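Okay, entry35.csv now, which holds CSV, C-alpha atoms:
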```
chain,number,residue,atom,x,y,z
A,552,MET,CA,-20.2,-30.7,-87.4
A,553,PRO,CA,-23.5,-30.1,-85.7
A,554,GLY,CA,-23.0,-33.0,-83.3
A,555,TYR,CA,-19.9,-31.6,-81.7
A,556,ASP,CA,-21.4,-28.1,-81.5
A,557,GLY,CA,-24.4,-29.4,-79.6
A,558,GLU,CA,-22.2,-31.2,-77.2
A,559,LYS,CA,-19.9,-28.2,-76.7
A,560,GLU,CA,-22.9,-26.0,-75.9
A,561,GLN,CA,-24.2,-28.5,-73.4
A,562,VAL,CA,-20.8,-28.7,-71.7
A,563,LEU,CA,-20.6,-24.9,-71.5
A,564,LYS,CA,-24.1,-24.7,-70.1
A,565,ARG,CA,-23.2,-27.2,-67.3
A,566,LEU,CA,-20.0,-25.3,-66.6
A,567,ARG,CA,-21.9,-22.0,-66.3
A,568,ARG,CA,-24.2,-23.7,-63.8
A,569,VAL,CA,-21.1,-25.0,-61.8
A,570,GLU,CA,-19.8,-21.4,-61.8
A,571,GLY,CA,-23.1,-20.3,-60.3
A,572,GLN,CA,-22.9,-23.0,-57.7
A,573,VAL,CA,-19.4,-21.9,-56.7
A,574,ARG,CA,-20.5,-18.3,-56.4
A,575,GLY,CA,-23.5,-19.5,-54.3
A,576,LEU,CA,-20.9,-21.3,-52.0
A,577,GLN,CA,-19.0,-18.0,-51.5
A,578,ARG,CA,-22.3,-16.2,-50.6
A,579,MET,CA,-23.1,-19.0,-48.1
A,580,VAL,CA,-19.7,-18.7,-46.4
A,581,GLU,CA,-19.9,-14.9,-46.3
A,582,GLU,CA,-23.3,-15.1,-44.7
A,583,ASP,CA,-22.0,-17.6,-42.1
A,584,THR,CA,-24.3,-20.4,-43.3
A,585,TYR,CA,-24.1,-23.5,-41.1
A,586,CYS,CA,-21.1,-25.5,-42.0
A,587,ILE,CA,-23.0,-28.8,-42.7
A,588,ASP,CA,-25.3,-27.0,-45.2
A,589,VAL,CA,-22.2,-25.5,-47.0
A,590,LEU,CA,-20.7,-29.0,-47.1
A,591,THR,CA,-23.9,-30.4,-48.7
A,592,GLN,CA,-23.7,-27.8,-51.4
A,593,VAL,CA,-20.0,-28.5,-52.0
A,594,SER,CA,-20.9,-32.2,-52.5
A,595,ALA,CA,-23.5,-31.2,-55.0
A,596,THR,CA,-21.0,-29.0,-56.9
A,597,THR,CA,-18.4,-31.7,-57.0
A,598,ARG,CA,-21.0,-34.1,-58.5
A,599,ALA,CA,-21.9,-31.5,-61.1
A,600,LEU,CA,-18.2,-31.1,-62.0
A,601,GLN,CA,-17.9,-34.9,-62.3
A,602,ALA,CA,-20.9,-35.0,-64.6
A,603,VAL,CA,-19.1,-32.5,-66.9
A,604,ALA,CA,-16.0,-34.8,-66.8
A,605,LEU,CA,-18.1,-37.9,-67.7
A,606,GLN,CA,-19.8,-36.1,-70.6
A,607,LEU,CA,-16.4,-34.9,-71.9
A,608,LEU,CA,-15.0,-38.4,-71.6
A,609,ASP,CA,-18.1,-39.9,-73.3
A,610,ASP,CA,-17.8,-37.5,-76.2
A,611,HIS,CA,-14.0,-38.2,-76.4
A,612,LEU,CA,-14.5,-42.0,-76.5
A,613,ALA,CA,-17.4,-41.7,-79.1
A,614,HIS,CA,-15.3,-39.4,-81.4
A,615,CYS,CA,-11.5,-39.4,-81.0
A,616,VAL,CA,-11.0,-43.0,-79.7
A,617,VAL,CA,-13.5,-44.5,-82.1
A,618,ASP,CA,-11.9,-42.6,-85.0
A,619,ALA,CA,-8.4,-43.6,-84.0
A,620,ALA,CA,-9.5,-47.2,-83.6
A,621,ARG,CA,-10.7,-47.2,-87.2
A,622,GLU,CA,-7.4,-45.9,-88.5
A,623,GLY,CA,-5.7,-48.5,-86.4
A,624,GLY,CA,-2.0,-48.8,-85.7
A,625,PRO,CA,0.0,-47.3,-82.9
A,626,ALA,CA,-2.1,-44.1,-83.0
A,627,ALA,CA,-5.1,-46.1,-81.8
A,628,GLU,CA,-3.2,-47.7,-79.0
A,629,ALA,CA,-1.8,-44.3,-78.0
A,630,LYS,CA,-5.4,-42.8,-77.9
A,631,VAL,CA,-6.6,-45.7,-75.7
A,632,LYS,CA,-3.7,-45.3,-73.3
A,633,GLU,CA,-4.3,-41.5,-73.1
A,634,ALA,CA,-8.0,-42.1,-72.4
A,635,SER,CA,-7.2,-44.7,-69.7
A,636,ASP,CA,-4.9,-42.3,-68.0
A,637,ALA,CA,-7.5,-39.6,-68.0
A,638,ILE,CA,-10.0,-42.0,-66.5
A,639,ALA,CA,-7.5,-43.0,-63.8
A,640,ARG,CA,-7.1,-39.3,-62.9
A,641,LEU,CA,-10.9,-38.9,-62.7
A,642,VAL,CA,-11.4,-42.0,-60.5
A,643,ARG,CA,-8.7,-40.9,-58.2
A,644,SER,CA,-9.8,-37.2,-57.9
B,1028,MET,CA,-4.7,-65.2,-77.3
B,1029,PRO,CA,-1.6,-64.9,-75.1
B,1030,GLY,CA,-2.1,-61.2,-74.5
B,1031,TYR,CA,-5.5,-61.7,-72.8
B,1032,ASP,CA,-4.1,-64.6,-70.7
B,1033,GLY,CA,-1.3,-62.4,-69.4
B,1034,GLU,CA,-3.8,-59.7,-68.5
B,1035,LYS,CA,-6.1,-62.2,-66.8
B,1036,GLU,CA,-3.3,-63.6,-64.7
B,1037,GLN,CA,-2.3,-60.1,-63.6
B,1038,VAL,CA,-5.9,-59.2,-62.6
B,1039,LEU,CA,-6.2,-62.5,-60.6
B,1040,LYS,CA,-2.9,-61.8,-58.9
B,1041,ARG,CA,-4.1,-58.3,-57.9
B,1042,LEU,CA,-7.5,-59.7,-56.7
B,1043,ARG,CA,-5.7,-62.3,-54.5
B,1044,ARG,CA,-3.6,-59.6,-53.0
B,1045,VAL,CA,-6.9,-57.6,-52.3
B,1046,GLU,CA,-8.3,-60.7,-50.6
B,1047,GLY,CA,-5.2,-60.9,-48.4
B,1048,GLN,CA,-5.7,-57.2,-47.5
B,1049,VAL,CA,-9.3,-57.8,-46.6
B,1050,ARG,CA,-8.4,-60.7,-44.4
B,1051,GLY,CA,-5.7,-58.6,-42.8
B,1052,LEU,CA,-8.4,-56.0,-42.0
B,1053,GLN,CA,-10.4,-58.6,-40.2
B,1054,ARG,CA,-7.4,-59.6,-38.1
B,1055,MET,CA,-6.8,-55.9,-37.3
B,1056,VAL,CA,-10.4,-55.5,-36.1
B,1057,GLU,CA,-10.3,-58.8,-34.1
B,1058,GLU,CA,-7.1,-57.6,-32.4
B,1059,ASP,CA,-8.7,-54.2,-31.6
B,1060,THR,CA,-6.1,-52.3,-33.7
B,1061,TYR,CA,-6.5,-48.6,-33.3
B,1062,CYS,CA,-9.3,-47.3,-35.5
B,1063,ILE,CA,-7.2,-44.8,-37.5
B,1064,ASP,CA,-4.7,-47.5,-38.4
B,1065,VAL,CA,-7.5,-49.8,-39.6
B,1066,LEU,CA,-8.9,-46.9,-41.7
B,1067,THR,CA,-5.5,-46.3,-43.3
B,1068,GLN,CA,-5.5,-49.9,-44.3
B,1069,VAL,CA,-9.1,-49.7,-45.7
B,1070,SER,CA,-8.0,-46.7,-47.8
B,1071,ALA,CA,-5.1,-48.8,-49.2
B,1072,THR,CA,-7.4,-51.7,-50.0
B,1073,THR,CA,-9.9,-49.4,-51.7
B,1074,ARG,CA,-7.1,-48.0,-53.9
B,1075,ALA,CA,-5.9,-51.6,-54.7
B,1076,LEU,CA,-9.5,-52.4,-55.9
B,1077,GLN,CA,-9.6,-49.2,-58.0
B,1078,ALA,CA,-6.4,-50.3,-59.6
B,1079,VAL,CA,-8.1,-53.6,-60.6
B,1080,ALA,CA,-11.0,-51.7,-62.0
B,1081,LEU,CA,-8.7,-49.3,-64.0
B,1082,GLN,CA,-6.8,-52.3,-65.4
B,1083,LEU,CA,-10.0,-54.1,-66.4
B,1084,LEU,CA,-11.3,-50.9,-68.1
B,1085,ASP,CA,-8.0,-50.3,-69.9
B,1086,ASP,CA,-8.1,-53.9,-71.3
B,1087,HIS,CA,-11.7,-53.4,-72.2
B,1088,LEU,CA,-11.1,-50.2,-74.1
B,1089,ALA,CA,-8.0,-51.7,-75.8
B,1090,HIS,CA,-9.8,-54.9,-77.0
B,1091,CYS,CA,-13.6,-54.8,-77.0
B,1092,VAL,CA,-14.1,-51.1,-77.7
B,1093,VAL,CA,-11.4,-50.8,-80.3
B,1094,ASP,CA,-12.6,-54.0,-82.1
B,1095,ALA,CA,-16.2,-52.7,-82.1
B,1096,ALA,CA,-15.1,-49.4,-83.4
B,1097,ARG,CA,-13.4,-51.1,-86.3
B,1098,GLU,CA,-16.5,-53.0,-87.2
B,1099,GLY,CA,-18.5,-49.7,-86.9
B,1100,GLY,CA,-22.2,-49.2,-86.9
B,1101,PRO,CA,-24.6,-49.3,-84.0
B,1102,ALA,CA,-22.6,-52.0,-82.2
B,1103,ALA,CA,-19.7,-49.6,-81.9
B,1104,GLU,CA,-21.9,-46.9,-80.4
B,1105,ALA,CA,-23.4,-49.4,-78.0
B,1106,LYS,CA,-20.0,-50.5,-76.8
B,1107,VAL,CA,-18.9,-46.9,-76.2
B,1108,LYS,CA,-22.1,-46.2,-74.3
B,1109,GLU,CA,-21.6,-49.3,-72.2
B,1110,ALA,CA,-18.0,-48.3,-71.4
B,1111,SER,CA,-19.1,-44.8,-70.5
B,1112,ASP,CA,-21.7,-46.1,-68.1
B,1113,ALA,CA,-19.1,-48.4,-66.4
B,1114,ILE,CA,-16.7,-45.4,-66.1
B,1115,ALA,CA,-19.5,-43.3,-64.5
B,1116,ARG,CA,-20.2,-46.1,-61.9
B,1117,LEU,CA,-16.5,-46.2,-61.1
B,1118,VAL,CA,-16.1,-42.5,-60.7
B,1119,ARG,CA,-19.1,-42.3,-58.4
B,1120,SER,CA,-18.2,-45.3,-56.3
C,1411,MET,CA,-18.1,-52.6,-23.2
C,1412,PRO,CA,-21.1,-54.1,-25.0
C,1413,GLY,CA,-21.5,-51.1,-27.4
C,1414,TYR,CA,-18.0,-51.5,-28.8
C,1415,ASP,CA,-18.4,-55.3,-29.1
C,1416,GLY,CA,-21.6,-54.9,-31.1
C,1417,GLU,CA,-19.9,-52.5,-33.5
C,1418,LYS,CA,-16.9,-54.7,-33.8
C,1419,GLU,CA,-19.0,-57.7,-34.7
C,1420,GLN,CA,-20.8,-55.6,-37.3
C,1421,VAL,CA,-17.6,-54.4,-38.9
C,1422,LEU,CA,-16.3,-58.0,-39.0
C,1423,LYS,CA,-19.5,-59.2,-40.6
C,1424,ARG,CA,-19.2,-56.5,-43.3
C,1425,LEU,CA,-15.5,-57.4,-43.9
C,1426,ARG,CA,-16.3,-61.1,-44.3
C,1427,ARG,CA,-18.9,-60.2,-46.9
C,1428,VAL,CA,-16.3,-58.0,-48.7
C,1429,GLU,CA,-13.9,-61.0,-48.7
C,1430,GLY,CA,-16.7,-63.1,-50.3
C,1431,GLN,CA,-17.2,-60.4,-52.9
C,1432,VAL,CA,-13.5,-60.4,-53.7
C,1433,ARG,CA,-13.4,-64.1,-54.1
C,1434,GLY,CA,-16.5,-63.9,-56.3
C,1435,LEU,CA,-14.5,-61.4,-58.4
C,1436,GLN,CA,-11.7,-63.9,-58.8
C,1437,ARG,CA,-14.2,-66.6,-60.0
C,1438,MET,CA,-15.7,-64.2,-62.5
C,1439,VAL,CA,-12.3,-63.4,-64.0
C,1440,GLU,CA,-11.3,-67.1,-64.0
C,1441,GLU,CA,-14.6,-68.0,-65.9
C,1442,ASP,CA,-14.0,-65.1,-68.4
C,1443,THR,CA,-17.1,-63.2,-67.3
C,1444,TYR,CA,-17.7,-60.2,-69.5
C,1445,CYS,CA,-15.5,-57.3,-68.5
C,1446,ILE,CA,-18.3,-54.8,-67.9
C,1447,ASP,CA,-20.1,-57.3,-65.5
C,1448,VAL,CA,-16.8,-57.7,-63.6
C,1449,LEU,CA,-16.5,-53.9,-63.4
C,1450,THR,CA,-20.0,-53.6,-62.0
C,1451,GLN,CA,-19.1,-56.1,-59.3
C,1452,VAL,CA,-15.8,-54.2,-58.5
C,1453,SER,CA,-17.8,-51.0,-58.0
C,1454,ALA,CA,-20.2,-52.8,-55.6
C,1455,THR,CA,-17.2,-54.2,-53.7
C,1456,THR,CA,-15.6,-50.7,-53.5
C,1457,ARG,CA,-18.8,-49.3,-52.1
C,1458,ALA,CA,-19.0,-52.1,-49.5
C,1459,LEU,CA,-15.5,-51.3,-48.4
C,1460,GLN,CA,-16.3,-47.6,-48.2
C,1461,ALA,CA,-19.3,-48.5,-46.0
C,1462,VAL,CA,-16.9,-50.2,-43.6
C,1463,ALA,CA,-14.7,-47.1,-43.6
C,1464,LEU,CA,-17.6,-44.9,-42.8
C,1465,GLN,CA,-18.8,-47.1,-40.0
C,1466,LEU,CA,-15.3,-47.2,-38.5
C,1467,LEU,CA,-15.1,-43.4,-38.7
C,1468,ASP,CA,-18.5,-42.9,-37.2
C,1469,ASP,CA,-17.6,-45.1,-34.3
C,1470,HIS,CA,-14.3,-43.3,-33.9
C,1471,LEU,CA,-15.9,-39.9,-33.8
C,1472,ALA,CA,-18.6,-41.1,-31.4
C,1473,HIS,CA,-16.1,-42.6,-29.0
C,1474,CYS,CA,-12.4,-41.5,-29.3
C,1475,VAL,CA,-13.0,-38.0,-30.5
C,1476,VAL,CA,-15.9,-37.2,-28.2
C,1477,ASP,CA,-13.9,-38.6,-25.2
C,1478,ALA,CA,-10.9,-36.6,-26.1
C,1479,ALA,CA,-13.0,-33.4,-26.6
C,1480,ARG,CA,-14.3,-33.9,-23.1
C,1481,GLU,CA,-10.9,-34.2,-21.6
C,1482,GLY,CA,-9.9,-31.1,-23.6
C,1483,GLY,CA,-6.4,-29.6,-24.1
C,1484,PRO,CA,-3.9,-30.5,-26.9
C,1485,ALA,CA,-5.0,-34.2,-26.9
C,1486,ALA,CA,-8.4,-33.2,-28.1
C,1487,GLU,CA,-6.9,-31.1,-30.9
C,1488,ALA,CA,-4.6,-33.9,-31.9
C,1489,LYS,CA,-7.5,-36.3,-32.1
C,1490,VAL,CA,-9.5,-34.0,-34.3
C,1491,LYS,CA,-6.4,-33.5,-36.6
C,1492,GLU,CA,-5.9,-37.2,-36.8
C,1493,ALA,CA,-9.5,-37.8,-37.7
C,1494,SER,CA,-9.4,-35.1,-40.3
C,1495,ASP,CA,-6.4,-36.6,-41.9
C,1496,ALA,CA,-8.1,-40.0,-42.0
C,1497,ILE,CA,-11.2,-38.4,-43.6
C,1498,ALA,CA,-8.9,-36.7,-46.2
C,1499,ARG,CA,-7.3,-40.1,-47.1
C,1500,LEU,CA,-10.8,-41.6,-47.5
C,1501,VAL,CA,-12.2,-38.8,-49.7
C,1502,ARG,CA,-9.1,-39.0,-51.9
C,1503,SER,CA,-9.0,-42.8,-52.2
D,1277,MET,CA,-13.8,-14.6,-32.9
D,1278,PRO,CA,-10.5,-14.1,-34.9
D,1279,GLY,CA,-9.9,-17.8,-35.4
D,1280,TYR,CA,-13.2,-18.3,-37.3
D,1281,ASP,CA,-12.6,-15.2,-39.4
D,1282,GLY,CA,-9.2,-16.3,-40.5
D,1283,GLU,CA,-10.6,-19.7,-41.5
D,1284,LYS,CA,-13.6,-18.0,-43.3
D,1285,GLU,CA,-11.2,-15.8,-45.3
D,1286,GLN,CA,-9.2,-18.8,-46.3
D,1287,VAL,CA,-12.2,-20.8,-47.4
D,1288,LEU,CA,-13.4,-17.7,-49.5
D,1289,LYS,CA,-10.0,-17.4,-51.1
D,1290,ARG,CA,-10.0,-21.1,-52.1
D,1291,LEU,CA,-13.6,-20.7,-53.5
D,1292,ARG,CA,-12.6,-17.7,-55.5
D,1293,ARG,CA,-9.7,-19.7,-57.0
D,1294,VAL,CA,-12.2,-22.5,-57.8
D,1295,GLU,CA,-14.4,-20.0,-59.6
D,1296,GLY,CA,-11.5,-18.9,-61.6
D,1297,GLN,CA,-10.7,-22.5,-62.5
D,1298,VAL,CA,-14.3,-23.1,-63.6
D,1299,ARG,CA,-14.2,-19.9,-65.8
D,1300,GLY,CA,-10.9,-21.2,-67.2
D,1301,LEU,CA,-12.6,-24.4,-68.1
D,1302,GLN,CA,-15.3,-22.5,-70.0
D,1303,ARG,CA,-12.6,-20.7,-72.0
D,1304,MET,CA,-10.9,-24.0,-72.8
D,1305,VAL,CA,-14.1,-25.5,-74.1
D,1306,GLU,CA,-15.0,-22.3,-76.1
D,1307,GLU,CA,-11.5,-22.4,-77.7
D,1308,ASP,CA,-11.9,-26.1,-78.6
D,1309,THR,CA,-9.0,-27.2,-76.4
D,1310,TYR,CA,-8.2,-30.9,-76.7
D,1311,CYS,CA,-10.6,-32.9,-74.6
D,1312,ILE,CA,-8.0,-34.7,-72.5
D,1313,ASP,CA,-6.4,-31.4,-71.5
D,1314,VAL,CA,-9.9,-30.1,-70.4
D,1315,LEU,CA,-10.4,-33.3,-68.4
D,1316,THR,CA,-7.0,-32.8,-66.6
D,1317,GLN,CA,-8.2,-29.4,-65.6
D,1318,VAL,CA,-11.6,-30.7,-64.5
D,1319,SER,CA,-9.8,-33.2,-62.2
D,1320,ALA,CA,-7.7,-30.4,-60.7
D,1321,THR,CA,-10.8,-28.3,-60.1
D,1322,THR,CA,-12.6,-31.3,-58.4
D,1323,ARG,CA,-9.5,-31.7,-56.2
D,1324,ALA,CA,-9.6,-28.0,-55.3
D,1325,LEU,CA,-13.3,-28.3,-54.3
D,1326,GLN,CA,-12.6,-31.4,-52.2
D,1327,ALA,CA,-9.9,-29.4,-50.4
D,1328,VAL,CA,-12.5,-26.8,-49.5
D,1329,ALA,CA,-14.8,-29.5,-48.2
D,1330,LEU,CA,-12.0,-31.0,-46.1
D,1331,GLN,CA,-11.1,-27.7,-44.6
D,1332,LEU,CA,-14.8,-26.9,-43.8
D,1333,LEU,CA,-15.1,-30.4,-42.2
D,1334,ASP,CA,-11.9,-30.0,-40.2
D,1335,ASP,CA,-13.1,-26.6,-38.9
D,1336,HIS,CA,-16.5,-28.1,-38.1
D,1337,LEU,CA,-15.0,-31.0,-36.1
D,1338,ALA,CA,-12.6,-28.7,-34.3
D,1339,HIS,CA,-15.3,-26.2,-33.3
D,1340,CYS,CA,-18.9,-27.5,-33.4
D,1341,VAL,CA,-18.3,-31.2,-32.7
D,1342,VAL,CA,-15.8,-30.6,-30.0
D,1343,ASP,CA,-18.0,-27.9,-28.3
D,1344,ALA,CA,-21.0,-30.2,-28.4
D,1345,ALA,CA,-19.0,-33.1,-27.0
D,1346,ARG,CA,-18.0,-30.9,-24.1
D,1347,GLU,CA,-21.6,-30.1,-23.4
D,1348,GLY,CA,-22.5,-33.8,-23.7
D,1349,GLY,CA,-25.9,-35.4,-23.9
D,1350,PRO,CA,-28.0,-36.1,-27.0
D,1351,ALA,CA,-26.8,-32.9,-28.6
D,1352,ALA,CA,-23.3,-34.3,-28.8
D,1353,GLU,CA,-24.5,-37.5,-30.3
D,1354,ALA,CA,-26.6,-35.6,-32.9
D,1355,LYS,CA,-23.6,-33.5,-33.9
D,1356,VAL,CA,-21.5,-36.6,-34.4
D,1357,LYS,CA,-24.2,-38.2,-36.5
D,1358,GLU,CA,-24.6,-35.1,-38.6
D,1359,ALA,CA,-20.9,-34.9,-39.2
D,1360,SER,CA,-20.7,-38.6,-40.1
D,1361,ASP,CA,-23.5,-38.1,-42.6
D,1362,ALA,CA,-21.7,-35.2,-44.2
D,1363,ILE,CA,-18.5,-37.3,-44.4
D,1364,ALA,CA,-20.5,-40.1,-46.1
D,1365,ARG,CA,-21.8,-37.6,-48.7
D,1366,LEU,CA,-18.3,-36.4,-49.4
D,1367,VAL,CA,-16.8,-39.8,-49.7
D,1368,ARG,CA,-19.5,-40.9,-52.1
D,1369,SER,CA,-19.4,-37.7,-54.2
```
Show me this structure written as structure tokens.
Amino acid sequence: MPGYDGEKEQVLKRLRRVEGQVRGLQRMVEEDTYCIDVLTQVSATTRALQAVALQLLDDHLAHCVVDAAREGGPAAEAKVKEASDAIARLVRS
Amino acid sequence: MPGYDGEKEQVLKRLRRVEGQVRGLQRMVEEDTYCIDVLTQVSATTRALQAVALQLLDDHLAHCVVDAAREGGPAAEAKVKEASDAIARLVRS
Amino acid sequence: MPGYDGEKEQVLKRLRRVEGQVRGLQRMVEEDTYCIDVLTQVSATTRALQAVALQLLDDHLAHCVVDAAREGGPAAEAKVKEASDAIARLVRS
Amino acid sequence: MPGYDGEKEQVLKRLRRVEGQVRGLQRMVEEDTYCIDVLTQVSATTRALQAVALQLLDDHLAHCVVDAAREGGPAAEAKVKEASDAIARLVRS
């Protein structure tokens, strides 16, 4: 399924960038960068991670939830409940 | 549809409680309550509002998105996109 | 203290606006407004509440924490700890 | 200053753990781990990053802001303003 693979590659690319940001944060701390500048970078990294989460969720709704909804029955309800719980964890984190 | 009405009544109940919390906050500020105690109450009110949002979203996924998925086609895709955007606004707010 | 009173009035004004937003949300739900539009309004209300919290925190740092820091000793440390805990609750809510 | 160094080492330790979590996320995506399980891990990583931010902020308030408050004058006000802005970015990210 080329669609999935394209999405997977995009998520991996974003995660590698987040890894680079986290390593950059370590360097900043090691070099005693001013606290507020480190904090600004932490906020940027948190937002990058949230963007990963939102993409994963979007893909999940578009594929798994929609497929389950089409099949119908209790499986569809379970998928919606599972997605809602994941969204709640995201909103609260 | 009795299901919808039950959900609507529950959302309204939660919103009335949030309104009470916001009025309580005004009283606290008027009576010069200690700042940190007001802040604790603001955090509780924010969480109550988020719970409203999560319930609305859950109901939306379970009804509108699932119904659109069953019908299929571009309408289903549009509903998923719309829900994803709403989730993104929530996560970022 | 005129400074405090100006800040207090501003916080009250913001809270009254938040109360209006929450009542607007109830009307939207009663009139069966489309879910996604209600959600957009909930996000706006949450952001308005966060702005109240940030103002309260700002005032608290500028007055209580700065005053305690000037007096020094364990009271200053306790104030910083208390403010940090309030910030943590905010960030997590 | 041994206090600062202890804090610095602790922040670095947390950041190295976050880096490990982000690499774990890449592995999960490469191995096609179920979306919802990846999302749960993203939420945990976001919380770990927030904990880094809260520690940095706590240290900043306890050292820089308290020191500036003791010196007084416009520098103290500027430090409080700068800290408030950093808190606002955190709360909104």
Which chain A residues have any atom within 9 Å of an atom of chain C, and for each, what is the nearest pair of atoms with distance in Å to one decimal, counting all atoms listed in the file, rows sorted by chain and number, as a Markdown table?
```
| residue | atom | partner | partner_atom | distance |
| --- | --- | --- | --- | --- |
| A:Val642 | CA | C:Ser1503 | CA | 8.7 |
| A:Arg643 | CA | C:Ser1503 | CA | 6.3 |
| A:Ser644 | CA | C:Arg1502 | CA | 6.3 |
```
When you look at Arg1346 in chain D with a cut-off of 10 Å (counting all atoms listed in the file), what residues show up, excluding the ones that are within fewer than 6 positions of it in the same chain? I need them as an mmCIF file with C-alpha atoms, in the frame of the given file.
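For reference, out_30.cif as written:
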```
data_model
loop_
_atom_site.group_PDB
_atom_site.id
_atom_site.type_symbol
_atom_site.label_atom_id
_atom_site.label_comp_id
_atom_site.auth_asym_id
_atom_site.auth_seq_id
_atom_site.Cartn_x
_atom_site.Cartn_y
_atom_site.Cartn_z
ATOM 1 C CA VAL C 1476 -15.900 -37.200 -28.200
ATOM 2 C CA ASP C 1477 -13.900 -38.600 -25.200
ATOM 3 C CA ALA C 1478 -10.900 -36.600 -26.100
ATOM 4 C CA ALA C 1479 -13.000 -33.400 -26.600
ATOM 5 C CA ARG C 1480 -14.300 -33.900 -23.100
ATOM 6 C CA GLU C 1481 -10.900 -34.200 -21.600
ATOM 7 C CA GLY C 1482 -9.900 -31.100 -23.600
ATOM 8 C CA CYS D 1340 -18.900 -27.500 -33.400
ATOM 9 C CA ALA D 1352 -23.300 -34.300 -28.800
#
```
Can you move chain A onto chain C by a least-squares fit over all C-alpha atoms paired in order, then give me the moved copy as a compact mmCIF listing (two decimals) with C-alpha atoms, keeping the file's coordinate frame?
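Final output, out_0.txt:
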```
# COMPACT_ATOMS: atom_id res chain seq x y z
CA MET A 552 -18.32 -52.48 -23.16
CA PRO A 553 -21.20 -54.04 -25.00
CA GLY A 554 -21.50 -51.11 -27.40
CA TYR A 555 -18.05 -51.49 -28.85
CA ASP A 556 -18.40 -55.28 -29.09
CA GLY A 557 -21.56 -54.94 -31.13
CA GLU A 558 -19.91 -52.53 -33.44
CA LYS A 559 -16.79 -54.69 -33.82
CA GLU A 560 -18.93 -57.69 -34.74
CA GLN A 561 -20.82 -55.69 -37.31
CA VAL A 562 -17.57 -54.45 -38.86
CA LEU A 563 -16.21 -58.00 -39.02
CA LYS A 564 -19.41 -59.25 -40.58
CA ARG A 565 -19.19 -56.57 -43.35
CA LEU A 566 -15.54 -57.40 -43.89
CA ARG A 567 -16.33 -61.12 -44.26
CA ARG A 568 -18.92 -60.18 -46.87
CA VAL A 569 -16.28 -57.98 -48.74
CA GLU A 570 -13.94 -61.02 -48.65
CA GLY A 571 -16.68 -63.06 -50.30
CA GLN A 572 -17.19 -60.41 -52.90
CA VAL A 573 -13.48 -60.38 -53.73
CA ARG A 574 -13.42 -64.14 -54.06
CA GLY A 575 -16.54 -63.90 -56.30
CA LEU A 576 -14.51 -61.37 -58.49
CA GLN A 577 -11.68 -63.93 -58.88
CA ARG A 578 -14.22 -66.64 -59.92
CA MET A 579 -15.73 -64.20 -62.47
CA VAL A 580 -12.32 -63.44 -64.02
CA GLU A 581 -11.35 -67.12 -64.10
CA GLU A 582 -14.57 -67.95 -65.85
CA ASP A 583 -13.98 -65.15 -68.41
CA THR A 584 -17.08 -63.20 -67.33
CA TYR A 585 -17.73 -60.17 -69.54
CA CYS A 586 -15.53 -57.35 -68.52
CA ILE A 587 -18.38 -54.80 -67.93
CA ASP A 588 -20.13 -57.23 -65.52
CA VAL A 589 -16.80 -57.73 -63.57
CA LEU A 590 -16.45 -53.94 -63.43
CA THR A 591 -19.99 -53.59 -61.98
CA GLN A 592 -19.13 -56.03 -59.26
CA VAL A 593 -15.85 -54.24 -58.50
CA SER A 594 -17.86 -50.99 -58.06
CA ALA A 595 -20.14 -52.76 -55.68
CA THR A 596 -17.18 -54.11 -53.65
CA THR A 597 -15.53 -50.74 -53.45
CA ARG A 598 -18.81 -49.26 -52.09
CA ALA A 599 -18.99 -52.03 -49.51
CA LEU A 600 -15.39 -51.29 -48.44
CA GLN A 601 -16.28 -47.58 -48.15
CA ALA A 602 -19.26 -48.42 -45.99
CA VAL A 603 -16.89 -50.27 -43.60
CA ALA A 604 -14.64 -47.13 -43.57
CA LEU A 605 -17.63 -44.83 -42.79
CA GLN A 606 -18.83 -47.08 -39.96
CA LEU A 607 -15.28 -47.20 -38.50
CA LEU A 608 -15.01 -43.44 -38.76
CA ASP A 609 -18.49 -42.97 -37.21
CA ASP A 610 -17.60 -45.18 -34.28
CA HIS A 611 -14.21 -43.36 -33.91
CA LEU A 612 -15.85 -39.89 -33.86
CA ALA A 613 -18.64 -41.09 -31.39
CA HIS A 614 -16.04 -42.65 -28.99
CA CYS A 615 -12.41 -41.49 -29.21
CA VAL A 616 -12.97 -37.90 -30.51
CA VAL A 617 -15.92 -37.25 -28.24
CA ASP A 618 -13.95 -38.60 -25.26
CA ALA A 619 -10.88 -36.57 -26.10
CA ALA A 620 -13.00 -33.47 -26.57
CA ARG A 621 -14.31 -33.87 -23.03
CA GLU A 622 -10.83 -34.11 -21.58
CA GLY A 623 -9.91 -31.10 -23.61
CA GLY A 624 -6.45 -29.68 -24.15
CA PRO A 625 -3.97 -30.47 -26.84
CA ALA A 626 -4.99 -34.16 -26.82
CA ALA A 627 -8.40 -33.16 -28.16
CA GLU A 628 -6.96 -31.04 -30.89
CA ALA A 629 -4.54 -33.84 -31.80
CA LYS A 630 -7.50 -36.37 -32.05
CA VAL A 631 -9.43 -33.95 -34.32
CA LYS A 632 -6.44 -33.43 -36.59
CA GLU A 633 -5.84 -37.23 -36.79
CA ALA A 634 -9.51 -37.78 -37.66
CA SER A 635 -9.42 -35.04 -40.34
CA ASP A 636 -6.43 -36.61 -41.92
CA ALA A 637 -8.08 -39.98 -42.02
CA ILE A 638 -11.12 -38.44 -43.65
CA ALA A 639 -8.92 -36.71 -46.23
CA ARG A 640 -7.37 -40.10 -47.09
CA LEU A 641 -10.86 -41.64 -47.46
CA VAL A 642 -12.18 -38.83 -49.70
CA ARG A 643 -9.17 -39.03 -51.87
CA SER A 644 -9.07 -42.89 -52.20
```
Handout entry: Non-local contacts of Ala1327 in chain D (12 Å; all atoms listed in the file; under 3 positions in same chain excluded) as a ChimeraX atom specification
Key = /A:590,593-594,597,644 /C:1494-1495,1497-1499,1501-1502 /D:1286-1287,1290-1291,1293-1294,1320-1324,1330-1334,1366
